[in-house]
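What follows is one structure encoded as structure tokens, with my remarks underneath.
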Amino acid sequence: MTPEILIVFIILAGAIFLFASEIIRMDLTALLVLVALYLAGLVEAAQALSGFSNPAVVTIWAMFILSAGLTRTGVSSLLGAQVLRLAHKGETRLVAALMSITALLSSFMNNTAIAAMFLPITLEISRRTKQAPSRLLLPMAYGSLLGGLVLLVGTSSNLVVRDVMRETGYTPLGIFDFAPGGLVILLLSVLYMALLGRRFLPARQTPQALSAADNADDGGHAQYGLEERLATLVLPEDSPLAGTTLVESRIGRALGLNILGIQRKNGRRAPAESNAILEAGDRLLVLGRLERIDEISQKPMFFVENKRLAIEHLLTGHVGLSEFEVTPDSVFAGKSLSELGLRKRHEVNVLAIRQGEIVRRTNLQDLSLNPGDFLLIQGAVEQIEHFKDQPGYHRLTMKDAAGYHLEERLLSIRIPVGSALIGRTLAETRLGAAYGLAVLRILRGQQELFMPKPDLPLQAGDLLVVGGRPLDIEVLKGLQGLKVERQAKADLAALENGPTQIVEVMLPPHSGLAGKTLRDLNFREKYGISVLAVWRGERSYRSDLGNFALQHGDALLCYGDQEKLKNLARERDFVVLKMELQEKPRLKKAPLAALVMAGVIISAMFFGLPISIAAIAGCVLMVLSGALSMDEAYQGIDWRTIFVIAAMLPLGIAMQQTGAAALLGGLVIDTLGGYGASTVLAGLMVLTVLVTQFIPGAAAAVIMTPVALNAAQGMEIAPQAFVLGIAYALAASFLSPVAHINLMVMSPGGYRSSDYIRHGLPIVLIVIAVSVLLLPVLFPY
């Protein structure tokens with residue numbers, strides 16, 4: 001083994017580890033591989049960047065656009081409507097139809113888009129037939145995956161395999177070379193699932209929105225466990241909260257509650273909008289952990305000792321004040337203080353933000369910073385000096401800071417015996433996030449604690465110097481005076497009367513929102529929709545959802561106005577799982593979109609036009625014809641996939657040039673070659689299936705295709721059967737939720753990881769068996 005081969009294997013092992021562990025994003029991992037290959041001298045600069053102009057990569061992004069055009073014009077939804085007609089024709093026919101139609105569509109469209117489109121269709125069929133969604137969603141997902149075995153353009157990995165063949169001097173596979181073996185695999189898989197496999201599918205009653213379970217006795221919300229977290233809050237006649245807006249009352253943020261509706265004293269109902277004015281006697285239907293209400297209503301959390309303090313309380317010998325400006329190129333521009341985490345990262349407090357003539361001193365955490373804003377920070381001198389390179393930075397004296405009028409926002413509060421805050425850390429008290437109070441200093445007996453850390457537990461008798469408004473204290477008093485009525489079951493069912501609905505919304509694998517919280521997204525303010533619960537894996541989450549980091553595959557139970565839910569359905573980052581809320585397709589353009597797609601395939605197959613050029617021409621026609629706008633075309637591209645493939649292609653070049661691929665191919669021959677070429681083919685396919693459990697299929701294609709080509713060369717046989725076997729194995733992602741499509745149906749179907757192994761393994765065996773028996777006949781060695 002040469003040093004170059006060793007370096008390739010080290011880079012390869014690192015890539016597999018990063019892909020599998022997801023420590024960093026997969027597209028960033030691929031870019032790291034590209035940089036490492038060049039720095040190690042394994043590829044030239046032109047080779048390192050060649051993936052971004054590679055015909056396969058161009059074809060892939062063009063196919064994303066063509067797929068978006070077919071989806072937007074309703075070509076696939078027309079076929080989906082035919083499946084709905086089979087809803088009462090028996091489970092066998094239904095499973096067969098679902099798998100066949102999704103496979104047909106995904107043979108020339110993006111399979112993730114097909115799965116996203118058929119999710120609400122399949123759930124609607126489940127509702128009509130009163131079957132558990134778990135009986136239908138997995139066959140639908142497997143059908144979408146099987147379509148990738150039928151045509152060259154079925155999956156991105158097929159195009160990568162073809163391009164690797166071309167780059168190494170072999171005649172590349174044609175558009176329909178996949179079809180004979182792929183159709184046999186599809187037929188046998190559909191027969192297996194429809195006649196035998198469906199009998200072993202789980203029948204789990206997974207959570208459904210009310211509208212998707214309207215024939216159930218208890219409503220789908222019971223499976224989310226909403227009833228046990230539902231209550232009515234009543235504002236007393238003398239409540240300090242009367243006259244405040246819903247946002248100012250802090251009922252939602254301070255208590256971690258979702259406010260679903262408001263009923264006025266006269267019986268009239270009002271929407272729970274952020275700017276709604278509360279009135280004495282209002283009854284608020286809320287969802288969340290009710291023990292938080294009990295905590296503040298039973299005993300006072302703290303007392304206000306002094307409403308005015310001097311600014312000197314903010315300064316000591318080692319604590320100072322500084323000011324700096326936010327510029328357009330600053331890292332602060334466009335971000336909120338909660339996103340920047342200045343207190344956690346730099347141990348400084350932001351006391352005020354000056355925006356022109358306006359000085360803001362409270363509720364700063366979620367305020368977006370703009371160029372021209374000035375930040376007033378407090379902290380230890382050595383900490384605030386970290387900001388000295390910021391434009392306009394300078395230290396302030398007490399006189400300089402007078403213009404901020406900080407003394408108007410300084411309060412002194414004491415923690416009494418029996419307070420619910422005793423023993424909790426500052427972070428756990430949520431005084432800042434919940435009540436808008438920034439703790440600047442703590443007096444504990446003879447001890448003074450400046451800039452207390454978030455993990456500091458509070459004690460009885462502590463005196464806290466905080467930044468806040470008297471209104472914030474009045475709000476707290478109002479929260480402590482709320483009356484709680486826990487019997488609210490009948491009210492929840494009434495939520496769907498009129499224009500409001502409760503529906504499930506999926507976070508699809510291509511969403512860019514994974515890792516962000518609902519608070520980061522300003523979800524309620526941006527979309528006007530409340531998230532009641534989140535279903536992940538096998539359980540629901542109902543508390544403190546604002547700080548709940550989202551993941552791909554999460555199902556959000558959303559409540560809101562029907563028109564706002566329709567607007568949400570237009571967002572690429574969400575899939576609304578209710579058919580009537582989906583955006584209406586441009587059906588008049590459907591024939592034209594189908595004709596464009598057919599023209600792309602025909603021109604590439606019969607007129608010798610390169611598939612990449614034909615696909616680009618199809619994209620142009622899609623936009624010019626009005627089937628798709630240019631903005632929709634850009635949105636239809638999964639740029640993460642494009643970057644992964646383009647950045648990983650140089651790894652295949654390095655494996656070929658260094659001899660790493662030849663070495664691996666030789667190991668395969670040494671291990672299995674004595675048993676014949678078909679055994680080697682089976683071994684390569686099994687290895688490929690295992691590799692795809694850890695890394696994306698397109699990246700696995702870059703690794704496994706050179707190995708298969710070198711194995712065929714070492715055995716002195718034609719490589720087509722080996723390469724097609726690799727392509728089929730790459731598409732056979734049936735064994736785990738790693739595949740995007742499998743992840744999409746996991747929450748709605750209530751599936752466990754073991755379900756994918758139990759039901760996917762027979763289909764994987766069908767793929768391998770058909771390949772080993774049929775491919776040598778179709779493409780002789």
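The chains in the structure tokens are called A, B, ... from first to last as shown; in each chain the residues are counted from 1, and the ligands are counted from 1 in the order shown.
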
Requested in this report: Would you please extract all strand (DSSP E or B) residues from stretch 223-451 of chain A, as assigned by DSSP on the backbone, and give them as a PyMOL selection string?
Outcome: chain A and resi 230-234+245+258-263+269-270+277+283-287+303-306+319-325+336+348-355+358-360+368+374-380+394-396+410-414+425+438-444+447-450

Query raised in the report: Nearest to A:Val770 among A:Thr641, A:Ser144, A:Ser189, A:Thr362, with distances taken over only C-alpha atoms: which residue is it?
Result: A:Ser189

Query - stretch 504-509 of chain A surroundings by only C-alpha atoms, 6 Å radius, close-in-sequence under 4 positions cut, as a PyMOL selection string - result: chain A and resi 209+552-558+574-577+740

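Minimum distance to A:Glu323 across A:Val95, A:Ala272, A:Ile377, A:Met301 (counting only C-alpha atoms) occurs at A:Ile377.
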
Please build the interface table for stretch 633-748 of chain A against stretch 511-524 of chain A with a cut-off of 12 Å, listing for each qualifying residue the nearest atom pair and the distance in Å to one decimal; count only C-alpha atoms, order rows by chain and increasing number, and write it as JSON lines.
```
{"residue": "A:Gln635", "atom": "CA", "partner": "A:Ser511", "partner_atom": "CA", "distance": 11.2}
{"residue": "A:Gly636", "atom": "CA", "partner": "A:Ser511", "partner_atom": "CA", "distance": 11.7}
{"residue": "A:Ile637", "atom": "CA", "partner": "A:Ser511", "partner_atom": "CA", "distance": 11.8}
{"residue": "A:Asp638", "atom": "CA", "partner": "A:Ser511", "partner_atom": "CA", "distance": 9.4}
{"residue": "A:Trp639", "atom": "CA", "partner": "A:Gly512", "partner_atom": "CA", "distance": 10.5}
{"residue": "A:Arg640", "atom": "CA", "partner": "A:Gly512", "partner_atom": "CA", "distance": 9.5}
{"residue": "A:His740", "atom": "CA", "partner": "A:Ser511", "partner_atom": "CA", "distance": 11.0}
{"residue": "A:Met744", "atom": "CA", "partner": "A:Ser511", "partner_atom": "CA", "distance": 11.3}
```

Report task. To one decimal in Å, tell me the separation between atom CA of A:Gln82 and atom CA of A:Arg570. Result ->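 Distance between the two atoms: 23.6 Å.
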
Kindly assemble as a tab-separated table a list of the stretch 136-177 of chain A residues that lie within 10 Å of stretch 717-722 of chain A, each paired with its nearest atom pair and their distance in Å to one decimal, using only C-alpha atoms, sorted first by chain and then by ascending residue number.
```
residue	atom	partner	partner_atom	distance
A:Met165	CA	A:Pro719	CA	9.2
A:Tyr170	CA	A:Pro719	CA	8.6
A:Thr171	CA	A:Gln720	CA	9.1
A:Pro172	CA	A:Gln720	CA	8.8
A:Leu173	CA	A:Gln720	CA	7.7
A:Asp177	CA	A:Gln720	CA	9.5
```

Report summary line: A straight line from atom CA of A:Leu690 to atom CA of A:Phe17 spans 13.9 Å

Using the chain letters and numbers from this document, which residues of stretch 601-778 of chain A does DSSP assign to helix (DSSP H, G or I), as an mmCIF file with C-alpha atoms, in the first residue's frame?
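To be explicit, this is the file written out as result_23.cif:
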```cif
data_model
loop_
_atom_site.group_PDB
_atom_site.id
_atom_site.type_symbol
_atom_site.label_atom_id
_atom_site.label_comp_id
_atom_site.auth_asym_id
_atom_site.auth_seq_id
_atom_site.Cartn_x
_atom_site.Cartn_y
_atom_site.Cartn_z
ATOM 1 C CA ILE A 601 -36.216 11.622 -22.519
ATOM 2 C CA ILE A 602 -36.953 11.104 -26.235
ATOM 3 C CA SER A 603 -34.376 13.645 -27.417
ATOM 4 C CA ALA A 604 -31.685 12.072 -25.236
ATOM 5 C CA MET A 605 -32.500 8.532 -26.291
ATOM 6 C CA PHE A 606 -33.283 8.796 -30.001
ATOM 7 C CA ILE A 611 -28.991 14.134 -21.249
ATOM 8 C CA SER A 612 -27.618 17.177 -19.414
ATOM 9 C CA ILE A 613 -28.333 19.500 -22.366
ATOM 10 C CA ALA A 614 -31.750 17.935 -22.935
ATOM 11 C CA ALA A 615 -32.624 18.421 -19.257
ATOM 12 C CA ILE A 616 -31.534 22.087 -19.287
ATOM 13 C CA ALA A 617 -33.617 22.667 -22.418
ATOM 14 C CA GLY A 618 -36.571 21.102 -20.622
ATOM 15 C CA CYS A 619 -36.059 23.468 -17.669
ATOM 16 C CA VAL A 620 -36.090 26.463 -19.997
ATOM 17 C CA LEU A 621 -39.319 25.280 -21.624
ATOM 18 C CA MET A 622 -40.926 24.662 -18.216
ATOM 19 C CA VAL A 623 -40.324 28.284 -17.232
ATOM 20 C CA LEU A 624 -41.156 29.826 -20.613
ATOM 21 C CA MET A 630 -37.858 31.032 -12.139
ATOM 22 C CA ASP A 631 -38.051 31.491 -8.377
ATOM 23 C CA GLU A 632 -39.921 28.186 -8.068
ATOM 24 C CA ALA A 633 -37.254 26.557 -10.224
ATOM 25 C CA TYR A 634 -34.491 27.681 -7.850
ATOM 26 C CA GLN A 635 -36.546 26.572 -4.849
ATOM 27 C CA GLY A 636 -37.081 23.152 -6.407
ATOM 28 C CA TRP A 639 -28.775 22.369 -3.160
ATOM 29 C CA ARG A 640 -27.479 20.203 -0.315
ATOM 30 C CA THR A 641 -27.596 17.135 -2.556
ATOM 31 C CA ILE A 642 -25.920 19.050 -5.391
ATOM 32 C CA PHE A 643 -23.021 20.123 -3.167
ATOM 33 C CA VAL A 644 -22.592 16.644 -1.689
ATOM 34 C CA ILE A 645 -22.297 15.037 -5.114
ATOM 35 C CA ALA A 646 -20.132 17.746 -6.689
ATOM 36 C CA ALA A 647 -17.716 17.810 -3.745
ATOM 37 C CA MET A 648 -17.474 14.009 -3.444
ATOM 38 C CA LEU A 649 -16.742 13.304 -7.126
ATOM 39 C CA PRO A 650 -13.032 14.181 -6.716
ATOM 40 C CA LEU A 651 -12.791 11.330 -4.201
ATOM 41 C CA GLY A 652 -13.604 8.903 -7.012
ATOM 42 C CA ILE A 653 -10.896 10.504 -9.147
ATOM 43 C CA ALA A 654 -8.389 10.151 -6.299
ATOM 44 C CA MET A 655 -9.334 6.502 -5.742
ATOM 45 C CA GLN A 656 -8.681 5.760 -9.404
ATOM 46 C CA GLN A 657 -5.456 7.746 -9.718
ATOM 47 C CA THR A 658 -3.841 6.432 -6.527
ATOM 48 C CA ALA A 660 -7.086 2.697 -4.023
ATOM 49 C CA ALA A 661 -10.041 1.493 -6.127
ATOM 50 C CA ALA A 662 -7.874 -1.181 -7.763
ATOM 51 C CA LEU A 663 -6.724 -2.332 -4.326
ATOM 52 C CA LEU A 664 -10.288 -2.662 -3.026
ATOM 53 C CA GLY A 665 -11.377 -4.384 -6.229
ATOM 54 C CA GLY A 666 -8.514 -6.828 -5.816
ATOM 55 C CA LEU A 667 -9.563 -7.595 -2.250
ATOM 56 C CA VAL A 668 -13.085 -8.385 -3.450
ATOM 57 C CA ILE A 669 -11.700 -10.743 -6.125
ATOM 58 C CA ASP A 670 -9.333 -12.424 -3.666
ATOM 59 C CA THR A 671 -12.197 -13.014 -1.239
ATOM 60 C CA LEU A 672 -15.025 -14.030 -3.589
ATOM 61 C CA GLY A 673 -13.480 -14.471 -7.048
ATOM 62 C CA GLY A 674 -13.025 -18.200 -6.604
ATOM 63 C CA TYR A 675 -16.788 -18.658 -6.436
ATOM 64 C CA ALA A 677 -18.454 -13.559 -11.111
ATOM 65 C CA SER A 678 -22.048 -13.757 -9.871
ATOM 66 C CA THR A 679 -20.834 -14.284 -6.306
ATOM 67 C CA VAL A 680 -18.591 -11.224 -6.665
ATOM 68 C CA LEU A 681 -21.627 -9.274 -7.927
ATOM 69 C CA ALA A 682 -23.653 -10.364 -4.902
ATOM 70 C CA GLY A 683 -20.800 -9.457 -2.560
ATOM 71 C CA LEU A 684 -20.442 -5.989 -4.107
ATOM 72 C CA MET A 685 -24.181 -5.374 -3.747
ATOM 73 C CA VAL A 686 -24.238 -6.463 -0.105
ATOM 74 C CA LEU A 687 -21.265 -4.201 0.629
ATOM 75 C CA THR A 688 -23.001 -1.301 -1.125
ATOM 76 C CA VAL A 689 -26.195 -1.803 0.868
ATOM 77 C CA LEU A 690 -24.157 -1.721 4.080
ATOM 78 C CA VAL A 691 -22.280 1.424 3.043
ATOM 79 C CA GLY A 697 -26.407 7.064 -1.788
ATOM 80 C CA ALA A 698 -24.825 9.538 -4.218
ATOM 81 C CA ALA A 699 -21.647 9.689 -2.100
ATOM 82 C CA ALA A 700 -21.615 5.888 -1.873
ATOM 83 C CA ALA A 701 -21.842 5.753 -5.686
ATOM 84 C CA VAL A 702 -18.590 7.724 -5.927
ATOM 85 C CA ILE A 703 -16.881 5.129 -3.717
ATOM 86 C CA MET A 704 -18.393 1.853 -4.883
ATOM 87 C CA THR A 705 -18.532 2.358 -8.667
ATOM 88 C CA PRO A 706 -14.720 2.520 -9.105
ATOM 89 C CA VAL A 707 -14.397 -0.588 -6.926
ATOM 90 C CA ALA A 708 -16.900 -2.470 -9.127
ATOM 91 C CA LEU A 709 -15.159 -1.335 -12.337
ATOM 92 C CA ASN A 710 -11.754 -2.463 -11.055
ATOM 93 C CA ALA A 711 -13.180 -5.777 -9.878
ATOM 94 C CA ALA A 712 -14.622 -6.404 -13.349
ATOM 95 C CA GLN A 713 -11.337 -5.391 -14.948
ATOM 96 C CA GLY A 714 -9.409 -7.717 -12.654
ATOM 97 C CA MET A 715 -11.660 -10.620 -13.629
ATOM 98 C CA GLN A 720 -22.102 -3.465 -17.080
ATOM 99 C CA ALA A 721 -23.667 -6.141 -14.844
ATOM 100 C CA PHE A 722 -21.487 -5.123 -11.873
ATOM 101 C CA VAL A 723 -22.218 -1.421 -12.335
ATOM 102 C CA LEU A 724 -25.970 -1.949 -12.677
ATOM 103 C CA GLY A 725 -25.893 -4.132 -9.568
ATOM 104 C CA ILE A 726 -24.200 -1.300 -7.689
ATOM 105 C CA ALA A 727 -26.850 1.156 -8.953
ATOM 106 C CA TYR A 728 -29.693 -1.123 -7.849
ATOM 107 C CA ALA A 729 -28.098 -1.615 -4.430
ATOM 108 C CA LEU A 730 -27.671 2.145 -4.010
ATOM 109 C CA ALA A 731 -31.395 2.642 -4.632
ATOM 110 C CA HIS A 740 -34.975 10.619 3.312
ATOM 111 C CA ILE A 741 -38.211 8.951 2.260
ATOM 112 C CA ASN A 742 -38.153 6.429 5.111
ATOM 113 C CA LEU A 743 -37.613 9.282 7.555
ATOM 114 C CA MET A 744 -40.629 11.159 6.178
ATOM 115 C CA VAL A 745 -43.067 8.354 7.013
ATOM 116 C CA MET A 746 -41.536 7.423 10.365
ATOM 117 C CA SER A 747 -43.550 9.816 12.562
ATOM 118 C CA PRO A 748 -46.886 9.686 10.676
ATOM 119 C CA GLY A 749 -46.662 5.881 10.567
ATOM 120 C CA SER A 753 -36.126 1.285 13.322
ATOM 121 C CA SER A 754 -36.798 -2.462 13.586
ATOM 122 C CA ASP A 755 -39.799 -2.096 11.243
ATOM 123 C CA TYR A 756 -37.527 -1.013 8.406
ATOM 124 C CA ILE A 757 -35.265 -4.021 8.871
ATOM 125 C CA ARG A 758 -38.166 -6.461 9.185
ATOM 126 C CA HIS A 759 -40.018 -5.246 6.094
ATOM 127 C CA GLY A 760 -37.127 -3.897 4.041
ATOM 128 C CA LEU A 761 -34.851 -6.944 4.209
ATOM 129 C CA PRO A 762 -37.085 -9.161 2.001
ATOM 130 C CA ILE A 763 -37.132 -6.459 -0.697
ATOM 131 C CA VAL A 764 -33.344 -6.028 -0.474
ATOM 132 C CA LEU A 765 -33.026 -9.800 -0.976
ATOM 133 C CA ILE A 766 -35.323 -9.560 -4.013
ATOM 134 C CA VAL A 767 -33.108 -6.802 -5.468
ATOM 135 C CA ILE A 768 -29.922 -8.856 -4.985
ATOM 136 C CA ALA A 769 -31.438 -12.145 -6.190
ATOM 137 C CA VAL A 770 -32.912 -10.652 -9.361
ATOM 138 C CA SER A 771 -29.656 -8.817 -10.108
ATOM 139 C CA VAL A 772 -27.505 -11.920 -9.671
ATOM 140 C CA LEU A 773 -29.816 -14.088 -11.805
ATOM 141 C CA LEU A 774 -30.935 -11.602 -14.474
ATOM 142 C CA LEU A 775 -28.138 -9.095 -15.073
ATOM 143 C CA PRO A 776 -25.598 -11.662 -16.386
ATOM 144 C CA VAL A 777 -28.255 -12.689 -18.926
ATOM 145 C CA LEU A 778 -29.043 -9.123 -19.995
#
```

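When only C-alpha atoms are used to compute distances to A:Phe9, the closest of the residues A:Gly423, A:Pro454, A:Gly659, A:Gly261 turns out to be A:Gly659.
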
**Report entry** Nearby residues (only C-alpha atoms) at most 9 Å from A:Gln131, same-chain spacing under 5 positions excluded, as a list of chain:residue names
**Finding:**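 Residues meeting the cut-off are A:Ile125, A:Ser126, A:Leu136, A:Ala203, A:Gln205.
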
Query - A:Arg343 surroundings by only C-alpha atoms, 10 Å radius, close-in-sequence under 5 positions cut, as number ranges by chain - result: A: 337-338, 348-350, 377-379, 451, 453-454

Query raised in the report: Could you pull the residues within 9 Å of stretch 527-534 of chain A, counting only C-alpha atoms, minus those fewer than 4 positions along the same chain, as a PyMOL selection string?
Result: chain A and resi 224+226+258-260+273-274+287-288+502+518+522-523+539-543+545-546+548+550+554-561+564-565+567-568
